[in-house]
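Q: What follows is the file protein_4.txt, containing compact mmCIF, C-alpha atoms:
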```txt
# COMPACT_ATOMS: atom_id res chain seq x y z
CA MET A 106 0.00 0.00 0.00
CA THR A 107 1.35 3.41 -0.89
CA GLN A 108 2.27 5.46 2.16
CA TYR A 109 1.70 8.76 0.36
CA ARG A 110 -1.31 11.05 0.19
CA VAL A 111 -1.81 14.40 -1.55
CA ILE A 112 -3.33 17.22 0.48
CA PHE A 113 -4.62 20.15 -1.53
CA ASP A 114 -6.81 23.21 -1.60
CA ASP A 115 -9.01 24.11 -4.56
CA PRO A 116 -8.12 27.67 -5.63
CA ASP A 117 -11.75 28.22 -6.66
CA HIS A 118 -13.05 27.16 -3.22
CA LEU A 119 -10.49 28.33 -0.68
CA ASP A 120 -13.10 28.53 2.10
CA GLU A 121 -13.54 24.74 2.03
CA PRO A 122 -11.52 22.34 4.21
CA THR A 123 -8.23 21.04 2.88
CA LYS A 124 -8.82 17.90 0.83
CA VAL A 125 -6.93 14.60 0.90
CA LEU A 126 -6.38 12.51 -2.22
CA VAL A 127 -6.01 8.80 -1.48
CA PRO A 128 -4.55 6.82 -4.41
CA SER A 129 -5.89 3.42 -5.32
CA ASP A 130 -3.20 0.80 -4.66
CA ARG A 131 -4.43 -1.12 -7.69
CA TRP A 132 -4.03 1.98 -9.87
CA MET A 133 -0.58 2.71 -8.43
CA LYS A 134 0.50 -0.84 -9.26
CA GLU A 135 -0.71 -0.44 -12.86
CA ALA A 136 1.12 2.90 -13.12
CA MET A 137 4.38 1.50 -11.75
CA GLU A 138 4.13 -1.48 -14.11
CA GLY A 139 3.90 0.90 -17.08
CA ASN A 140 0.28 0.46 -18.15
CA LEU A 141 -0.76 4.10 -18.47
CA PRO A 142 -1.33 6.17 -21.61
CA PRO A 143 0.24 9.64 -21.93
CA ILE A 144 -1.44 12.07 -19.50
CA SER A 145 -2.42 14.20 -22.49
CA VAL A 146 -5.05 11.56 -23.35
CA TYR A 147 -6.92 12.39 -20.12
CA TRP A 148 -6.35 16.15 -20.47
CA GLU A 149 -8.00 16.18 -23.89
CA LEU A 150 -11.03 14.34 -22.57
CA GLN A 151 -11.26 16.66 -19.55
CA ASP A 152 -10.97 19.77 -21.74
CA ASP A 153 -13.70 18.57 -24.11
CA GLU A 154 -16.07 17.92 -21.23
CA GLN A 155 -15.33 21.23 -19.48
CA LYS A 156 -16.08 23.01 -22.77
CA ALA A 157 -19.42 21.22 -22.98
CA ILE A 158 -20.21 22.18 -19.37
CA ALA A 159 -19.34 25.82 -20.04
CA GLU A 160 -21.55 25.82 -23.12
CA GLY A 161 -24.50 24.28 -21.26
CA ARG A 162 -24.66 21.07 -23.32
CA HIS A 163 -23.27 18.61 -20.78
CA SER A 164 -26.45 16.53 -20.55
CA GLU A 165 -26.17 15.47 -24.19
CA PHE A 166 -22.39 15.53 -24.43
CA ARG A 167 -20.55 12.41 -25.59
CA HIS A 168 -16.80 12.07 -25.94
CA ASP A 169 -15.23 11.72 -29.35
CA PRO A 170 -14.86 7.92 -29.81
CA GLU A 171 -11.28 8.15 -31.05
CA LYS A 172 -10.16 10.31 -28.15
CA LEU A 173 -11.96 7.96 -25.75
CA ALA A 174 -10.36 4.88 -27.32
CA ALA A 175 -6.90 6.44 -26.94
CA GLN A 176 -7.11 5.50 -23.24
CA TYR A 177 -6.56 1.91 -24.40
CA THR A 178 -4.84 2.30 -27.78
CA ALA A 179 -2.23 4.99 -27.17
CA PRO A 180 1.28 3.60 -26.57
CA ARG A 181 1.97 3.05 -22.88
CA ILE A 182 4.42 5.44 -21.27
CA GLY A 183 6.40 2.74 -19.48
CA PRO A 184 7.06 1.93 -15.83
CA LEU A 185 6.95 4.81 -13.35
CA THR A 186 8.52 5.22 -9.95
CA GLU A 187 6.13 5.72 -7.04
CA GLN A 188 6.82 9.46 -7.08
CA GLU A 189 6.25 9.68 -10.84
CA ALA A 190 2.99 7.75 -10.47
CA LEU A 191 1.83 10.19 -7.78
CA GLU A 192 2.73 13.16 -9.98
CA TYR A 193 0.79 11.59 -12.84
CA LEU A 194 -2.19 11.08 -10.52
CA ILE A 195 -2.01 14.71 -9.41
CA MET A 196 -2.18 15.83 -13.01
CA LYS A 197 -5.05 13.45 -13.70
CA ASP A 198 -7.30 13.77 -10.63
CA LEU A 199 -6.58 17.15 -9.00
CA PRO A 200 -8.29 20.30 -10.32
CA ARG A 201 -6.07 21.72 -13.06
CA LYS A 202 -5.81 25.13 -11.35
CA CYS A 203 -4.27 23.47 -8.31
CA TRP A 204 -1.04 22.44 -10.00
CA ALA A 205 -0.94 24.17 -13.40
CA GLU A 206 -1.10 27.77 -12.19
CA GLN A 207 1.04 29.83 -9.84
CA HIS A 208 -0.39 30.98 -6.55
CA ASN A 209 0.99 32.95 -3.64
CA ARG A 210 1.28 29.74 -1.63
CA PRO A 211 1.46 25.99 -2.35
CA MET A 212 -1.94 24.56 -3.30
CA PHE A 213 -0.92 20.92 -2.83
CA LYS A 214 1.63 18.83 -0.98
CA ILE A 215 2.61 15.20 -1.12
CA VAL A 216 2.64 13.92 2.46
CA THR A 217 2.96 10.58 4.22
CA VAL A 218 0.07 8.79 5.83
CA ASP A 219 1.19 9.67 9.36
CA GLN A 220 1.10 13.38 8.53
CA VAL A 221 -2.67 13.25 8.01
CA PRO A 222 -4.73 13.51 11.24
CA SER A 223 -6.54 10.33 12.25
CA ASP A 224 -9.05 12.15 14.45
CA ARG A 225 -11.91 13.44 12.28
CA THR A 226 -13.66 15.35 15.07
CA PHE A 227 -12.69 18.65 13.46
CA ARG A 228 -12.39 17.38 9.88
CA ASN A 229 -14.18 20.42 8.43
CA ALA A 230 -11.57 22.72 9.98
CA TRP A 231 -8.49 21.09 8.41
CA GLU A 232 -6.11 23.54 6.74
CA MET A 233 -2.75 23.00 5.02
CA ALA A 234 0.09 24.10 7.27
CA ALA A 235 2.40 26.71 5.80
CA MET B 200 -12.11 -26.48 -22.45
CA SER B 201 -9.78 -23.53 -23.11
CA THR B 202 -9.69 -20.45 -20.93
CA LEU B 203 -10.23 -16.92 -22.23
CA LYS B 204 -8.20 -14.38 -20.31
CA VAL B 205 -8.65 -10.68 -20.99
CA ASN B 206 -7.87 -7.53 -19.06
CA ASP B 207 -10.73 -5.47 -20.43
CA ILE B 208 -13.80 -5.79 -22.59
CA ILE B 209 -15.31 -2.84 -24.43
CA GLU B 210 -18.20 -2.77 -26.87
CA ALA B 211 -17.36 -2.87 -30.56
CA THR B 212 -20.30 -0.55 -31.17
CA SER B 213 -21.28 1.91 -28.45
CA GLY B 214 -24.59 0.80 -26.98
CA GLY B 215 -24.67 -2.28 -29.17
CA GLY B 216 -23.40 -4.80 -26.67
CA LYS B 217 -25.44 -7.19 -24.57
CA ALA B 218 -22.91 -7.64 -21.81
CA PHE B 219 -23.32 -5.00 -19.12
CA GLN B 220 -20.39 -4.83 -16.80
CA CYS B 221 -19.68 -2.87 -13.72
CA ARG B 222 -17.16 -0.27 -14.86
CA ALA B 223 -15.96 0.69 -11.39
CA TRP B 224 -16.54 -0.24 -7.79
CA VAL B 225 -15.03 0.88 -4.52
CA LYS B 226 -15.35 0.20 -0.81
CA PHE B 227 -13.85 2.59 1.72
CA THR B 228 -14.22 3.80 5.25
CA MET B 229 -14.07 7.38 6.48
CA THR B 230 -10.51 6.73 7.72
CA LEU B 231 -9.36 6.07 4.16
CA ALA B 232 -6.56 8.63 4.52
CA GLN B 233 -4.93 6.30 7.07
CA ASN B 234 -6.05 2.91 5.81
CA GLY B 235 -6.35 3.38 2.06
CA LEU B 236 -9.19 2.02 -0.03
CA GLN B 237 -10.49 -1.33 1.24
CA GLY B 238 -11.19 -2.58 -2.27
CA ASP B 239 -11.60 -1.12 -5.73
CA GLN B 240 -11.45 -1.63 -9.45
CA GLY B 241 -11.73 1.02 -12.12
CA VAL B 242 -11.00 3.76 -9.58
CA SER B 243 -7.79 5.81 -9.62
CA SER B 244 -8.35 7.70 -6.36
CA VAL B 245 -10.85 8.84 -3.76
CA ILE B 246 -10.69 12.41 -2.51
CA ASP B 247 -11.70 13.07 1.10
CA GLN B 248 -13.31 16.50 0.72
CA ALA B 249 -14.90 17.00 4.15
CA VAL B 250 -17.11 15.16 6.64
CA GLY B 251 -19.26 12.70 4.67
CA ASP B 252 -18.13 14.17 1.37
CA PHE B 253 -15.93 12.27 -1.09
CA ASP B 254 -15.12 12.43 -4.79
CA ILE B 255 -14.41 9.21 -6.64
CA SER B 256 -12.16 9.44 -9.71
CA LEU B 257 -12.49 6.78 -12.39
CA THR B 258 -9.45 5.14 -13.95
CA ASN B 259 -11.08 5.26 -17.39
CA THR B 260 -13.27 8.09 -18.65
CA MET B 261 -16.86 7.14 -19.46
CA SER B 262 -18.32 7.98 -22.86
CA ASP B 263 -20.86 10.37 -21.31
CA ALA B 264 -22.08 11.47 -17.87
CA ASN B 265 -25.32 9.48 -18.03
CA TYR B 266 -23.97 6.33 -16.45
CA SER B 267 -25.79 4.69 -13.56
CA LEU B 268 -24.59 4.78 -9.96
CA ALA B 269 -25.40 2.56 -7.00
CA GLY B 270 -24.09 2.61 -3.45
CA TYR B 271 -24.57 2.44 0.29
CA THR B 272 -23.32 4.26 3.35
CA ASN B 273 -24.00 3.97 7.06
CA ALA B 274 -23.55 6.54 9.80
CA TYR B 275 -21.03 6.71 12.59
CA ASN B 276 -21.93 8.38 15.84
CA ASN B 277 -18.43 8.74 17.30
CA ASN B 278 -19.07 5.46 19.09
CA THR B 279 -17.83 2.27 17.50
CA SER B 280 -20.63 0.28 19.09
CA ASN B 281 -23.38 2.54 17.85
CA PHE B 282 -23.87 2.41 14.09
CA SER B 283 -26.96 3.74 12.41
CA SER B 284 -28.59 2.10 9.44
CA ALA B 285 -28.19 3.40 5.91
CA MET B 286 -28.12 7.14 5.66
CA ALA B 287 -29.20 9.35 2.81
CA LEU B 288 -26.65 8.81 0.11
CA GLY B 289 -26.03 11.39 -2.54
CA LEU B 290 -24.27 9.80 -5.46
CA GLY B 291 -23.37 12.36 -8.05
CA THR B 292 -24.69 15.07 -5.74
CA ASP B 293 -22.44 17.24 -3.64
CA TYR B 294 -23.95 18.78 -0.53
CA SER B 295 -21.00 21.07 -0.05
CA SER B 296 -20.33 24.12 -2.18
CA SER B 297 -17.67 22.28 -4.15
CA THR B 298 -19.90 20.71 -6.78
CA TYR B 299 -18.31 17.70 -8.44
CA GLY B 300 -21.55 15.96 -9.28
CA GLN B 301 -21.34 13.40 -12.01
CA ILE B 302 -18.97 13.86 -14.91
CA THR B 303 -17.32 11.40 -17.23
CA THR B 304 -14.19 11.22 -15.07
CA GLY B 305 -15.84 10.64 -11.71
CA PHE B 306 -18.64 11.40 -9.29
CA SER B 307 -19.42 12.70 -5.81
CA PHE B 308 -20.32 10.49 -2.86
CA CYS B 309 -22.05 12.20 0.05
CA SER B 310 -23.68 10.78 3.19
CA TYR B 311 -26.23 13.09 4.72
CA ALA B 312 -28.71 13.18 7.61
CA GLY B 313 -29.72 16.78 8.02
CA ALA B 314 -26.02 17.51 7.86
CA SER B 315 -23.13 15.67 6.29
CA VAL B 316 -22.02 12.72 8.39
CA ASP B 317 -19.14 10.25 8.04
CA GLY B 318 -19.93 6.62 7.30
CA THR B 319 -17.82 3.65 8.36
CA ARG B 320 -19.01 1.59 5.40
CA ASN B 321 -19.13 3.27 2.00
CA TYR B 322 -19.76 1.37 -1.21
CA ALA B 323 -20.20 2.69 -4.75
CA GLN B 324 -20.50 1.15 -8.21
CA ALA B 325 -20.74 2.65 -11.67
CA PHE B 326 -22.39 1.02 -14.70
CA GLY B 327 -22.15 2.64 -18.11
CA ASN B 328 -20.45 2.92 -21.46
CA LEU B 329 -16.71 3.22 -21.69
CA ALA B 330 -16.82 3.42 -25.46
```
Produce structure tokens that represent the structure in this file.
A:
Amino acid sequence: MTQYRVIFDDPDHLDEPTKVLVPSDRWMKEAMEGNLPPISVYWELQDDEQKAIAEGRHSEFRHDPEKLAAQYTAPRIGPLTEQEALEYLIMKDLPRKCWAEQHNRPMFKIVTVDQVPSDRTFRNAWEMAA
Amino acid sequence: MSTLKVNDIIEATSGGGKAFQCRAWVKFTMTLAQNGLQGDQGVSSVIDQAVGDFDISLTNTMSDANYSLAGYTNAYNNNTSNFSSAMALGLGTDYSSSTYGQITTGFSFCSYAGASVDGTRNYAQAFGNLA
């Protein structure tokens, strides 16, 4: 099991509690074995859908079949280290603004499991430490 | 009899197949940040957003956002011997202001009982078209 988590804030919702991304161990194994397509495959699909949402046509939106099939047909990028797999996952599953734009403070951090509080009593008050 | 082994099956023609498979499933507890996901397939990550509020990211993007979701969650009353029965489960609905909803790359998972509440047992499945 990976001992890493990604804590992040969404720049568009800074008043919300800090979020914690928990990777799937099965996905991490696939990533480290080299079974992923280029990250650009997912970016294209995300961009197409966000455009449809912005234009108010999400309910009838369908992905381009060729772009969708690229998830399976594009050449695999090869084995990744655990850190590389986490970076790939950040670029795939975190909001784009979190990691692709500059802010006046870090919007995400890769931490270890023991750095995340186990007591959820005040879960909605969690904030990233400076 | 020979054995057919495959890692994935997708329809040759979108909507033309007769085999309907679960595209993703996941089981997790509210302490997933410490313990990881208890079981999953077709899921790349789960994001702990807040109390009773999670986003589930799919490994593979669905062809559209009209896939079907199923799931279950129970409530936890800060007492390990006192579990409630199933709570209101919002799949694809986000009770917080950070709307994730249901998109082709994932969906929201929220347990709610007048206010968001953590569940010790959280299950979700997604059925739909990958191609």
Q: To one decimal place in Å, what is the distance between CA of Pro170 in chain A and CA of Ala190 in chain A?
A: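 Separating CA of Pro170 in chain A from CA of Ala190 in chain A is a distance of 26.3 Å.
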Q: Using all atoms listed in the file, pick whichever of B:Met261, B:Val205, B:Met229, B:Val242 has the shortest atom-to-atom distance to Cys309 in chain B.
A: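 Between B:Met261, B:Val205, B:Met229, B:Val242, the residue approaching Cys309 in chain B most closely is B:Met229.
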Q: Considering all atoms listed in the file, state which residue in the set A:Cys203, A:Leu119, A:Ala234, A:Met137 is at the smallest distance from chain B.
A: A:Leu119
Q: Please identify all polymer residues lying at most 10 Å from the point (2.0, 30.3, 2.4) (file coordinates), using only C-alpha atoms, and present the result as a list in words.
A: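 Checking each residue against the 10 Å limit leaves His208, Asn209, Arg210, Pro211, Met212, Met233, Ala234 and Ala235 of chain A.
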Q: Between B:Thr202, B:Ser244, B:Gln237, B:Asn265, which one has atoms that come closest to Gln301 in chain B, using all atoms listed in the file?
A: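 For Gln301 in chain B, the nearest of the candidates is B:Asn265.
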Q: Would you write out, as a Markdown table, a table of all residues in chain A that have an atom no more than 7 Å from an atom of chain B, listing for each the closest atom pair and the distance in Å to one decimal, considering all atoms listed in the file and ordering rows by chain and rising residue number?
A:
```
| residue | atom | partner | partner_atom | distance |
| --- | --- | --- | --- | --- |
| A:His118 | CA | B:Ser297 | CA | 6.8 |
| A:Pro122 | CA | B:Ala249 | CA | 6.3 |
| A:Lys124 | CA | B:Gln248 | CA | 4.7 |
| A:Val125 | CA | B:Asp247 | CA | 5.0 |
| A:Leu126 | CA | B:Ile246 | CA | 4.3 |
| A:Val127 | CA | B:Val245 | CA | 5.4 |
| A:Pro128 | CA | B:Ser244 | CA | 4.4 |
| A:Ser129 | CA | B:Ser244 | CA | 5.0 |
| A:Trp132 | CA | B:Ser243 | CA | 5.4 |
| A:Phe166 | CA | B:Asp263 | CA | 6.2 |
| A:Arg167 | CA | B:Asp263 | CA | 4.8 |
| A:His168 | CA | B:Ser262 | CA | 5.3 |
| A:Pro170 | CA | B:Ala330 | CA | 6.6 |
| A:Leu173 | CA | B:Ala330 | CA | 6.7 |
| A:Ala174 | CA | B:Ala330 | CA | 6.9 |
| A:Asp198 | CA | B:Ser256 | CA | 6.6 |
| A:Val218 | CA | B:Gln233 | CA | 5.7 |
| A:Val221 | CA | B:Ala232 | CA | 7.0 |
| A:Ser223 | CA | B:Gln233 | CA | 6.8 |
| A:Arg228 | CA | B:Val250 | CA | 6.1 |
| A:Asn229 | CA | B:Ala249 | CA | 5.5 |
```
Q: What does the file look like for those residues with C-alpha atoms, as a PDB file, keeping the file's coordinate frame?
A:
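Everything below was put into part32.pdb:
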```
ATOM      1  CA  HIS A 118     -13.050  27.160  -3.220  1.00  0.00           C
ATOM      2  CA  PRO A 122     -11.520  22.340   4.210  1.00  0.00           C
ATOM      3  CA  LYS A 124      -8.820  17.900   0.830  1.00  0.00           C
ATOM      4  CA  VAL A 125      -6.930  14.600   0.900  1.00  0.00           C
ATOM      5  CA  LEU A 126      -6.380  12.510  -2.220  1.00  0.00           C
ATOM      6  CA  VAL A 127      -6.010   8.800  -1.480  1.00  0.00           C
ATOM      7  CA  PRO A 128      -4.550   6.820  -4.410  1.00  0.00           C
ATOM      8  CA  SER A 129      -5.890   3.420  -5.320  1.00  0.00           C
ATOM      9  CA  TRP A 132      -4.030   1.980  -9.870  1.00  0.00           C
ATOM     10  CA  PHE A 166     -22.390  15.530 -24.430  1.00  0.00           C
ATOM     11  CA  ARG A 167     -20.550  12.410 -25.590  1.00  0.00           C
ATOM     12  CA  HIS A 168     -16.800  12.070 -25.940  1.00  0.00           C
ATOM     13  CA  PRO A 170     -14.860   7.920 -29.810  1.00  0.00           C
ATOM     14  CA  LEU A 173     -11.960   7.960 -25.750  1.00  0.00           C
ATOM     15  CA  ALA A 174     -10.360   4.880 -27.320  1.00  0.00           C
ATOM     16  CA  ASP A 198      -7.300  13.770 -10.630  1.00  0.00           C
ATOM     17  CA  VAL A 218       0.070   8.790   5.830  1.00  0.00           C
ATOM     18  CA  VAL A 221      -2.670  13.250   8.010  1.00  0.00           C
ATOM     19  CA  SER A 223      -6.540  10.330  12.250  1.00  0.00           C
ATOM     20  CA  ARG A 228     -12.390  17.380   9.880  1.00  0.00           C
ATOM     21  CA  ASN A 229     -14.180  20.420   8.430  1.00  0.00           C
TER      22      ASN A 229
END
```
Q: Grab the CA of Asp219 in chain A to CA of Tyr109 in chain A distance for me, in Å with one decimal place.
A: 9.1 Å
Q: What's the separation between CA of Thr228 in chain B and CA of Asp114 in chain A, in Å to one decimal place?
A: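 Rounded to one decimal, the two atoms are 21.9 Å apart.
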Q: Contacts of Ile144 in chain A at 8 Å or less, counting all atoms listed in the file, minus same-chain residues fewer than 4 places along, as a VMD selection string?
A: chain A and resid 148 193 196 to 197
Q: Compile the contact shell of Ser310 in chain B as a PyMOL selection string: residues with an atom at most 8 Å away, counting only C-alpha atoms, same-chain residues fewer than 4 positions apart removed.
A: chain B and resi 251-252+272-274+286-289+315-318
Q: Excluding Lys214 in chain A and residues on its chain fewer than 5 positions from it, collect all residues at most 7 Å away from it, counting only C-alpha atoms, and give them as a list of chain:residue names.
A: A:Val111, A:Ile112, A:Phe113
Q: Got time to write the residues from that selection, C-alpha atoms, as a PDB file, in the coordinates of the input?
A:
```
ATOM      1  CA  VAL A 111      -1.810  14.400  -1.550  1.00  0.00           C
ATOM      2  CA  ILE A 112      -3.330  17.220   0.480  1.00  0.00           C
ATOM      3  CA  PHE A 113      -4.620  20.150  -1.530  1.00  0.00           C
TER       4      PHE A 113
END
```
Q: So that I can see what lies close to Leu191 in chain A, please list as a ChimeraX atom specification the residues with an atom at most 8 Å from it, counting all atoms listed in the file and leaving out residues fewer than 3 positions away in the same chain.
A: /A:128,133,187-188,194-195
Q: Which residue gives the smallest distance to Pro180 in chain A among A:Glu232, A:Asn140, A:Asp130, A:Asp224, with only C-alpha atoms counted?
A: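 Smallest distance to Pro180 in chain A is found for A:Asn140.
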Q: Let me have the centre and edge lengths in Å, one decimal, of the box along x, y and z around every listed atom of range 233-243 of chain B with 8 Å of margin on each side, as AutoDock Vina command-line options.
A:
```
--center_x -8.3 --center_y 1.9 --center_z -2.5 --size_x 22.8 --size_y 24.9 --size_z 35.2
```
Q: Return the single residue from A:Ile182, A:Leu150, A:Ala157, A:Ala230 that is closest to Asp169 in chain A, with distances computed using all atoms listed in the file.
A: A:Leu150
Q: From (-20.0, 1.2, -8.9), in the file's coordinates, out to 12 Å: which residues are reached, counting all atoms listed in the file? Answer as a ChimeraX atom specification.
A: /B:220-226,238-242,255-257,266-271,290-291,305-308,321-327
